[in-house]
file structure_25.txt (compact mmCIF, C-alpha atoms and all ligand atoms)
# COMPACT_ATOMS: atom_id res chain seq x y z
CA MET A 745 -18.37 30.52 -22.70
CA SER A 746 -15.67 32.42 -20.85
CA MET A 747 -17.01 31.10 -17.52
CA THR A 748 -16.78 27.56 -18.77
CA LEU A 749 -13.23 28.28 -19.93
CA GLY A 750 -12.45 29.88 -16.56
CA ARG A 751 -13.55 26.82 -14.61
CA THR A 752 -11.63 24.51 -16.87
CA VAL A 753 -8.43 26.56 -16.65
CA SER A 754 -8.77 26.98 -12.91
CA ALA A 755 -9.18 23.25 -12.39
CA GLY A 756 -6.26 22.58 -14.68
CA LEU A 757 -3.99 25.09 -12.96
CA HIS A 758 -4.55 23.76 -9.48
CA PRO A 759 -4.45 20.03 -9.82
CA THR A 760 -3.23 19.60 -6.24
CA SER A 761 -5.64 21.95 -4.48
CA ARG A 762 -8.21 19.21 -3.89
CA ARG A 763 -5.57 16.86 -2.64
CA SER A 764 -4.30 19.30 -0.02
CA ASP A 765 -7.84 19.60 1.37
CA THR A 766 -7.91 15.90 2.07
CA GLU A 767 -4.22 15.40 2.79
CA ALA A 768 -3.55 13.09 5.70
CA LEU A 769 -3.46 14.97 8.99
CA THR A 770 -2.54 11.75 10.70
CA THR A 771 0.49 9.63 9.99
CA PRO A 772 0.46 5.88 10.57
CA ILE A 773 3.04 4.39 12.88
CA GLN A 774 4.93 1.13 12.55
CA THR A 775 3.85 -1.55 14.96
CA THR A 776 4.10 -5.27 15.67
CA ILE A 777 1.48 -7.95 16.11
CA SER A 778 2.30 -8.39 19.80
CA VAL A 779 1.69 -4.68 20.45
CA LEU A 780 -1.73 -5.01 18.77
CA THR A 781 -2.60 -8.25 20.60
CA GLU A 782 -1.83 -6.59 23.93
CA GLY A 783 -3.40 -3.22 23.13
CA TYR A 784 -6.83 -4.28 21.85
CA ASP A 785 -9.66 -6.39 23.22
CA ALA A 786 -10.44 -7.82 19.76
CA LEU A 787 -8.56 -8.32 16.50
CA PHE A 788 -10.30 -8.46 13.11
CA PHE A 789 -8.34 -10.02 10.24
CA ASP A 790 -9.02 -9.71 6.54
CA SER A 791 -8.43 -13.01 4.77
CA PHE A 792 -6.92 -12.50 1.29
CA GLY A 793 -3.67 -10.53 1.47
CA VAL A 794 -3.40 -10.88 5.26
CA LEU A 795 -3.72 -14.56 6.25
CA ILE A 796 -3.53 -16.14 2.78
CA ASP A 797 -2.21 -14.97 -0.58
CA GLY A 798 -5.00 -16.70 -2.51
CA VAL A 799 -3.16 -20.03 -2.62
CA ASP A 800 -1.07 -20.47 0.53
CA ALA A 801 -0.84 -19.18 4.08
CA LEU A 802 1.24 -16.01 4.37
CA PRO A 803 4.39 -16.14 6.55
CA GLY A 804 3.61 -16.34 10.26
CA ALA A 805 -0.17 -16.47 9.78
CA VAL A 806 -0.77 -20.11 10.79
CA GLU A 807 1.48 -19.76 13.84
CA LEU A 808 -0.31 -16.54 14.84
CA VAL A 809 -3.74 -18.21 14.64
CA ASP A 810 -2.44 -21.19 16.67
CA ARG A 811 -1.12 -18.80 19.30
CA MET A 812 -4.39 -16.82 19.42
CA ASN A 813 -6.40 -20.05 19.77
CA ALA A 814 -4.15 -21.18 22.64
CA ASP A 815 -4.31 -17.77 24.35
CA HIS A 816 -8.12 -17.46 23.86
CA THR A 817 -7.56 -14.21 21.99
CA ASN A 818 -10.80 -12.54 20.90
CA TYR A 819 -10.20 -12.61 17.13
CA PHE A 820 -12.37 -12.81 14.01
CA VAL A 821 -11.74 -13.24 10.31
CA VAL A 822 -13.80 -10.53 8.60
CA THR A 823 -14.07 -11.20 4.88
CA ASN A 824 -16.28 -10.04 2.03
CA ASP A 825 -16.81 -13.41 0.44
CA ALA A 826 -20.49 -14.39 0.15
CA SER A 827 -20.28 -17.37 -2.18
CA VAL A 828 -19.42 -20.23 0.17
CA SER A 829 -20.80 -21.44 3.48
CA LEU A 830 -18.90 -20.93 6.71
CA ASP A 831 -18.31 -24.70 6.85
CA SER A 832 -16.59 -24.74 3.46
CA ARG A 833 -14.60 -21.64 4.45
CA VAL A 834 -13.42 -23.49 7.58
CA ASN A 835 -12.34 -26.41 5.35
CA THR A 836 -10.48 -24.13 2.94
CA PHE A 837 -8.61 -22.57 5.84
CA ALA A 838 -7.86 -26.05 7.25
CA SER A 839 -6.41 -27.15 3.89
CA LYS A 840 -3.89 -24.31 4.23
CA GLY A 841 -2.99 -25.26 7.80
CA PHE A 842 -5.32 -22.91 9.72
CA SER A 843 -7.45 -24.00 12.62
CA ILE A 844 -10.20 -21.36 12.55
CA PRO A 845 -13.62 -22.32 13.96
CA LYS A 846 -16.65 -21.04 12.07
CA GLU A 847 -17.73 -18.95 15.07
CA ARG A 848 -14.67 -16.83 14.33
CA ILE A 849 -15.52 -16.15 10.68
CA ILE A 850 -17.75 -13.26 9.66
CA ASN A 851 -18.39 -13.02 5.93
CA SER A 852 -20.81 -10.94 3.96
CA GLY A 853 -22.82 -14.09 3.21
CA SER A 854 -23.52 -14.63 6.89
CA LEU A 855 -24.91 -11.07 6.99
CA ILE A 856 -27.71 -12.04 4.58
CA ALA A 857 -29.50 -13.78 7.46
CA ASP A 858 -29.07 -10.75 9.72
CA TYR A 859 -30.55 -8.52 7.03
CA ILE A 860 -33.60 -10.76 6.52
CA LEU A 861 -34.28 -11.06 10.26
CA GLU A 862 -33.68 -7.35 10.99
CA HIS A 863 -36.14 -6.28 8.28
CA GLU A 864 -38.58 -9.13 9.00
CA LEU A 865 -38.48 -10.38 5.42
CA GLN A 866 -39.08 -14.08 6.15
CA ASP A 867 -42.39 -14.02 4.27
CA ALA A 868 -41.18 -11.80 1.43
CA PRO A 869 -40.63 -13.54 -1.92
CA THR A 870 -36.85 -13.40 -2.31
CA LEU A 871 -34.65 -13.93 -5.34
CA VAL A 872 -31.07 -14.93 -4.59
CA LEU A 873 -28.68 -14.75 -7.54
CA GLY A 874 -25.56 -16.74 -6.81
CA SER A 875 -24.27 -20.02 -5.46
CA GLN A 876 -26.32 -22.62 -3.57
CA ASP A 877 -24.42 -21.58 -0.43
CA ALA A 878 -25.62 -17.99 -0.89
CA LYS A 879 -29.19 -19.29 -1.21
CA ASP A 880 -28.70 -21.37 1.94
CA TYR A 881 -27.73 -18.26 3.91
CA ALA A 882 -31.13 -16.80 2.99
CA THR A 883 -33.22 -19.94 3.57
CA ASP A 884 -31.46 -20.56 6.90
CA ALA A 885 -32.95 -17.22 8.00
CA GLY A 886 -36.38 -18.38 6.86
CA ALA A 887 -36.50 -16.59 3.51
CA ARG A 888 -38.99 -17.81 0.90
CA LEU A 889 -37.08 -18.14 -2.37
CA VAL A 890 -38.53 -17.44 -5.81
CA SER A 891 -36.84 -17.46 -9.21
CA LEU A 892 -37.12 -15.01 -12.09
CA ASP A 893 -39.38 -17.54 -13.84
CA SER A 894 -41.78 -17.81 -10.88
CA ASP A 895 -45.32 -16.47 -11.15
CA GLU A 896 -44.63 -14.52 -8.00
CA GLU A 897 -42.34 -11.50 -8.33
CA PRO A 898 -39.54 -11.02 -5.81
CA ASP A 899 -39.86 -8.26 -3.22
CA VAL A 900 -36.20 -8.74 -2.33
CA VAL A 901 -33.30 -9.39 -4.71
CA ILE A 902 -30.01 -10.52 -3.16
CA THR A 903 -27.14 -10.40 -5.61
CA GLY A 904 -24.44 -12.94 -4.96
CA HIS A 905 -21.91 -14.18 -7.42
CA ASN A 906 -22.32 -16.92 -9.98
CA ARG A 907 -20.09 -18.00 -12.80
CA PRO A 908 -20.67 -18.69 -15.60
CA TYR A 909 -23.84 -16.70 -15.63
CA ASP A 910 -25.84 -14.76 -18.20
CA TRP A 911 -25.74 -11.42 -16.43
CA GLU A 912 -26.88 -9.44 -19.47
CA SER A 913 -30.33 -10.99 -19.79
CA THR A 914 -30.72 -11.14 -15.99
CA LEU A 915 -29.88 -7.45 -15.67
CA GLU A 916 -32.39 -6.57 -18.36
CA GLU A 917 -35.12 -8.48 -16.53
CA LEU A 918 -34.16 -6.86 -13.23
CA LEU A 919 -34.06 -3.40 -14.78
CA THR A 920 -37.56 -3.86 -16.14
CA LEU A 921 -38.83 -5.23 -12.82
CA PHE A 922 -37.21 -2.58 -10.62
CA SER A 923 -38.29 0.25 -12.91
CA ARG A 924 -41.93 -0.85 -13.02
CA ARG A 925 -42.15 -1.51 -9.28
CA PHE A 926 -40.58 1.88 -8.53
CA GLN A 927 -43.26 3.55 -10.65
CA GLN A 928 -45.92 1.56 -8.79
CA ASN A 929 -44.57 2.96 -5.48
CA ASN A 930 -43.70 -0.58 -4.41
CA PRO A 931 -39.94 -0.74 -4.91
CA VAL A 932 -38.07 -4.05 -4.81
CA ARG A 933 -35.31 -4.21 -2.20
CA LEU A 934 -31.84 -4.69 -3.68
CA VAL A 935 -29.16 -6.23 -1.46
CA LEU A 936 -25.47 -6.65 -2.36
CA PRO A 937 -23.63 -8.83 0.18
CA ASN A 938 -20.14 -8.54 -1.34
CA PRO A 939 -19.31 -5.01 -2.60
CA ASP A 940 -16.02 -6.10 -4.28
CA PHE A 941 -16.08 -4.78 -7.84
CA ILE A 942 -13.36 -7.07 -9.15
CA TYR A 943 -11.68 -10.15 -7.79
CA PRO A 944 -8.42 -11.97 -8.57
CA ASN A 945 -9.01 -15.10 -10.64
CA GLY A 946 -5.48 -16.45 -10.92
CA PRO A 947 -2.15 -14.66 -11.39
CA GLY A 948 -2.76 -11.45 -13.34
CA VAL A 949 -6.31 -12.57 -14.21
CA PHE A 950 -9.41 -10.76 -12.93
CA GLY A 951 -13.14 -11.26 -12.88
CA PHE A 952 -16.09 -8.94 -12.27
CA GLY A 953 -17.76 -9.31 -8.89
CA ALA A 954 -21.52 -9.02 -8.39
CA ALA A 955 -20.93 -5.37 -7.45
CA ALA A 956 -20.03 -4.55 -11.05
CA PHE A 957 -23.40 -5.82 -12.27
CA VAL A 958 -25.30 -4.16 -9.44
CA ASN A 959 -23.52 -0.92 -10.29
CA ALA A 960 -24.73 -1.20 -13.89
CA LEU A 961 -28.29 -1.77 -12.63
CA GLU A 962 -28.10 1.20 -10.21
CA GLN A 963 -26.80 3.50 -12.96
CA ALA A 964 -29.49 2.40 -15.41
CA LEU A 965 -32.21 2.98 -12.80
CA GLU A 966 -30.81 6.42 -11.99
CA ARG A 967 -30.94 7.37 -15.67
CA LEU A 968 -34.57 6.27 -15.83
CA HIS A 969 -35.84 7.69 -12.54
CA GLY A 970 -33.19 9.96 -11.04
CA SER A 971 -31.43 9.44 -7.75
CA HIS A 972 -33.52 7.64 -5.08
CA ASP A 973 -32.41 5.65 -2.04
CA SER A 974 -34.84 2.87 -2.93
CA LEU A 975 -33.00 2.34 -6.24
CA ILE A 976 -29.64 1.83 -4.53
CA ALA A 977 -28.49 -1.56 -3.23
CA THR A 978 -27.94 -2.06 0.50
CA LYS A 979 -24.30 -3.14 0.71
CA LEU A 980 -23.38 -5.51 3.55
CA GLY A 981 -19.61 -6.15 3.26
CA LYS A 982 -16.52 -4.00 3.71
CA PRO A 983 -16.21 -0.97 3.60
CA TYR A 984 -19.91 -0.64 4.55
CA ALA A 985 -21.21 -0.53 8.10
CA PRO A 986 -23.16 -3.84 8.47
CA ILE A 987 -20.11 -6.15 8.49
CA PHE A 988 -18.23 -3.96 10.97
CA LYS A 989 -21.30 -3.71 13.20
CA ALA A 990 -21.62 -7.52 13.14
CA ALA A 991 -17.93 -7.93 13.99
CA ILE A 992 -18.11 -5.43 16.87
CA ASP A 993 -21.31 -7.08 18.16
CA GLN A 994 -19.80 -10.57 18.05
CA ALA A 995 -16.55 -9.39 19.64
CA GLY A 996 -18.50 -7.61 22.36
CA THR A 997 -16.17 -4.61 22.25
CA ASN A 998 -15.29 -1.69 20.04
CA ASN A 999 -11.76 -1.57 21.40
CA ALA A 1000 -10.96 -3.55 18.27
CA ILE A 1001 -8.51 -3.27 15.44
CA MET A 1002 -9.05 -4.19 11.79
CA ILE A 1003 -5.96 -5.66 10.12
CA GLY A 1004 -6.24 -5.53 6.33
CA ASP A 1005 -4.45 -5.04 3.03
CA GLN A 1006 -6.87 -2.72 1.20
CA LEU A 1007 -7.19 0.95 2.09
CA GLU A 1008 -10.54 1.32 0.26
CA THR A 1009 -12.26 -1.55 2.08
CA ASP A 1010 -10.52 -2.65 5.29
CA ILE A 1011 -9.07 0.69 6.37
CA SER A 1012 -11.78 3.04 5.13
CA GLY A 1013 -14.47 0.80 6.63
CA ALA A 1014 -12.72 0.60 10.00
CA ASN A 1015 -12.29 4.37 10.09
CA SER A 1016 -16.01 4.87 9.33
CA ALA A 1017 -16.94 2.32 11.99
CA GLY A 1018 -14.85 4.18 14.54
CA ILE A 1019 -12.33 1.44 15.21
CA ASP A 1020 -8.55 1.49 14.71
CA SER A 1021 -6.86 -0.17 11.76
CA ALA A 1022 -3.52 -1.55 10.68
CA VAL A 1023 -2.44 -2.09 7.09
CA VAL A 1024 -0.21 -4.97 6.05
CA THR A 1025 2.14 -4.97 3.06
CA THR A 1026 1.58 -8.56 1.94
CA GLY A 1027 -1.51 -7.91 -0.20
CA ILE A 1028 -2.73 -5.06 -2.35
CA ASN A 1029 -1.22 -2.25 -0.28
CA ARG A 1030 2.50 -1.82 -0.90
CA ARG A 1031 3.07 1.33 1.17
CA SER A 1032 5.38 0.26 3.96
CA THR A 1033 6.63 3.53 5.49
CA PRO A 1034 4.74 6.44 7.13
CA ASP A 1035 6.12 8.83 4.45
CA GLU A 1036 4.33 6.89 1.74
CA PHE A 1037 0.96 7.82 3.31
CA GLU A 1038 1.63 11.57 3.04
CA ASN A 1039 -0.80 12.06 0.16
CA VAL A 1040 -3.36 9.50 1.25
CA PRO A 1041 -6.65 11.06 2.43
CA ASP A 1042 -7.43 10.74 6.14
CA GLU A 1043 -10.36 8.42 5.59
CA LEU A 1044 -8.05 5.88 3.95
CA THR A 1045 -5.17 6.27 6.39
CA PRO A 1046 -4.62 3.46 8.91
CA ARG A 1047 -3.48 4.05 12.47
CA TYR A 1048 -0.66 1.52 12.06
CA ILE A 1049 1.56 -0.15 9.49
CA LEU A 1050 2.12 -3.81 10.30
CA ALA A 1051 5.14 -5.08 8.38
CA SER A 1052 4.72 -8.70 9.41
CA LEU A 1053 2.49 -11.12 11.31
CA VAL A 1054 5.59 -12.72 12.86
MG MG B 1 -7.73 -8.44 1.34
call {"tool": "encode", "arguments": {"input": "structure_25.txt", "output": "structure tokens", "more": "lines below"}}
Ligand SMILES: [Mg+2]
result
Amino acid sequence: MSMTLGRTVSAGLHPTSRRSDTEALTTPIQTTISVLTEGYDALFFDSFGVLIDGVDALPGAVELVDRMNADHTNYFVVTNDASVSLDSRVNTFASKGFSIPKERIINSGSLIADYILEHELQDAPTLVLGSQDAKDYATDAGARLVSLDSDEEPDVVITGHNRPYDWESTLEELLTLFSRRFQQNNPVRLVLPNPDFIYPNGPGVFGFGAAAFVNALEQALERLHGSHDSLIATKLGKPYAPIFKAAIDQAGTNNAIMIGDQLETDISGANSAGIDSAVVTTGINRRSTPDEFENVPDELTPRYILASLV
């Protein structure tokens, strides 16, 4: 009992000791877009919070894209969205004034095809939860789709986003399926293209992303069977490696910089992928001076702060 008390008191008395272990050893520096354009062989842009605010283009963004197109700059939009096709994403950008060809957009939906081809899953019965566009990403790669009602069970479950959707009954069916197949030593593959837990759904309004439901499934499976890699979803989007690997491959260089507004996805993912990063102040991140990053752990600290795209 005294040991338990000791641990509790110790943790309570040193609330900052953990923080100092992970305190930033690096400090970001202020920079400008022209310094980044000149200093890197490729530029990766997050979409929401960097180029658009959810409704309109952010200041300077359309002009920057026009300039990069004219200068043949090696740039890519790297975004977690998996629910719409690249063609509809191009159209959405166009409606906000952007001229961004689909070859320059990498989203977590487009990684579904890479995953299927890399693991040779073309013949595997595959369940895609989500929009028709998410299903198209899978069938374009040759996947054979099944539904939860099919006689044939899925060997692969790809969890996109769908609203409105009865997640509760779907999760219960998936839990039963994954649990049984794990016990039969024939686990079902679980793939999560977009790891965003929540998403903005209007001013001050939020929705749960597919990641929230996958997280519930993962936790339930861990309670039933303990911790096993085969019961954890393969995540494709930021901050995970597949989307950064795809961006670096398509850019043909790792002298690249990720420009984003979220430390936990854009910056952390770039740091893990071994490329530089710059944080903007037009989206979720509001830290605008190097001092404000003093207590931010290294893995979330960008190399640069980019105050404006102008
Ligand atoms: Mg963003």
call {"tool": "residues_near_ligand", "arguments": {"input": "structure_25.txt", "ligand": "ligand MG 1 (chain B)", "cutoff": "7 Å", "atoms": "all atoms listed in the file", "output": "list in words"}}
result
Asp790, Ser791, Phe792, Gly793, Val794, Gly1004, Asp1005, Gln1006 and Gly1027 of chain A
call {"tool": "atom_distance", "arguments": {"input": "structure_25.txt", "atom1": "CA of Phe952 (chain A)", "atom2": "CA of Gly981 (chain A)"}}
result
16.2 Å
call {"tool": "closest_residue", "arguments": {"input": "structure_25.txt", "among": "A:Val901, A:Thr771, A:Arg933, A:Asp785", "to": "Val1040 (chain A)", "atoms": "all atoms listed in the file"}}
result
A:Thr771
call {"tool": "closest_residue", "arguments": {"input": "structure_25.txt", "among": "A:Asp910, A:Asn818, A:Asp877, A:Ala1017", "to": "Arg833 (chain A)", "atoms": "all atoms listed in the file"}}
result
A:Asp877
call {"tool": "atom_distance", "arguments": {"input": "structure_25.txt", "atom1": "CA of Leu780 (chain A)", "atom2": "CA of Pro1046 (chain A)"}}
result
13.3 Å
call {"tool": "atom_distance", "arguments": {"input": "structure_25.txt", "atom1": "CA of Leu871 (chain A)", "atom2": "CA of Leu830 (chain A)"}}
result
21.0 Å
call {"tool": "residues_around", "arguments": {"input": "structure_25.txt", "residues": "Ile902 (chain A)", "least_positions_apart": "3", "cutoff": "9 Å", "atoms": "all atoms listed in the file", "output": "number ranges by chain"}}
result
A: 856, 870-874, 878, 882, 933-937
call {"tool": "closest_residue", "arguments": {"input": "structure_25.txt", "among": "A:Ser913, A:Thr823, A:Gln963, A:Thr781", "to": "Ser852 (chain A)", "atoms": "only C-alpha atoms"}}
result
A:Thr823
call {"tool": "residues_around", "arguments": {"input": "structure_25.txt", "residues": "Val900 (chain A)", "least_positions_apart": "2", "cutoff": "12 Å", "atoms": "only C-alpha atoms", "output": "MDAnalysis selection string"}}
result
chainID A and resid 856 859:860 863:873 882 887:892 896:898 902:903 918 921:922 925 930:936 974 977:978
call {"tool": "closest_residue", "arguments": {"input": "structure_25.txt", "among": "A:Ile849, A:Ala801, A:Ile1049, A:Ala964", "to": "Glu916 (chain A)", "atoms": "all atoms listed in the file"}}
result
A:Ala964
call {"tool": "residues_around", "arguments": {"input": "structure_25.txt", "residues": "region 798-800 of chain A", "least_positions_apart": "5", "cutoff": "12 Å", "atoms": "all atoms listed in the file", "output": "list in words"}}
result
Ser791, Phe792, Gly793, Ala805, Val806, Thr836, Phe837, Ala838, Ser839, Lys840, Gly841, Phe842, Tyr943, Pro944, Asn945, Gly946, Pro947, Thr1026, Gly1027 and Ile1028 of chain A
call {"tool": "write_last_selection", "arguments": {"input": "structure_25.txt", "atoms": "C-alpha atoms", "output": "short mmCIF file (atom, residue, chain, number, x, y, z; two decimals), in the frame of the given file"}}
result
data_model
loop_
_atom_site.label_atom_id
_atom_site.label_comp_id
_atom_site.auth_asym_id
_atom_site.auth_seq_id
_atom_site.Cartn_x
_atom_site.Cartn_y
_atom_site.Cartn_z
CA SER A 791 -8.43 -13.01 4.77
CA PHE A 792 -6.92 -12.50 1.29
CA GLY A 793 -3.67 -10.53 1.47
CA ALA A 805 -0.17 -16.47 9.78
CA VAL A 806 -0.77 -20.11 10.79
CA THR A 836 -10.48 -24.13 2.94
CA PHE A 837 -8.61 -22.57 5.84
CA ALA A 838 -7.86 -26.05 7.25
CA SER A 839 -6.41 -27.15 3.89
CA LYS A 840 -3.89 -24.31 4.23
CA GLY A 841 -2.99 -25.26 7.80
CA PHE A 842 -5.32 -22.91 9.72
CA TYR A 943 -11.68 -10.15 -7.79
CA PRO A 944 -8.42 -11.97 -8.57
CA ASN A 945 -9.01 -15.10 -10.64
CA GLY A 946 -5.48 -16.45 -10.92
CA PRO A 947 -2.15 -14.66 -11.39
CA THR A 1026 1.58 -8.56 1.94
CA GLY A 1027 -1.51 -7.91 -0.20
CA ILE A 1028 -2.73 -5.06 -2.35
#
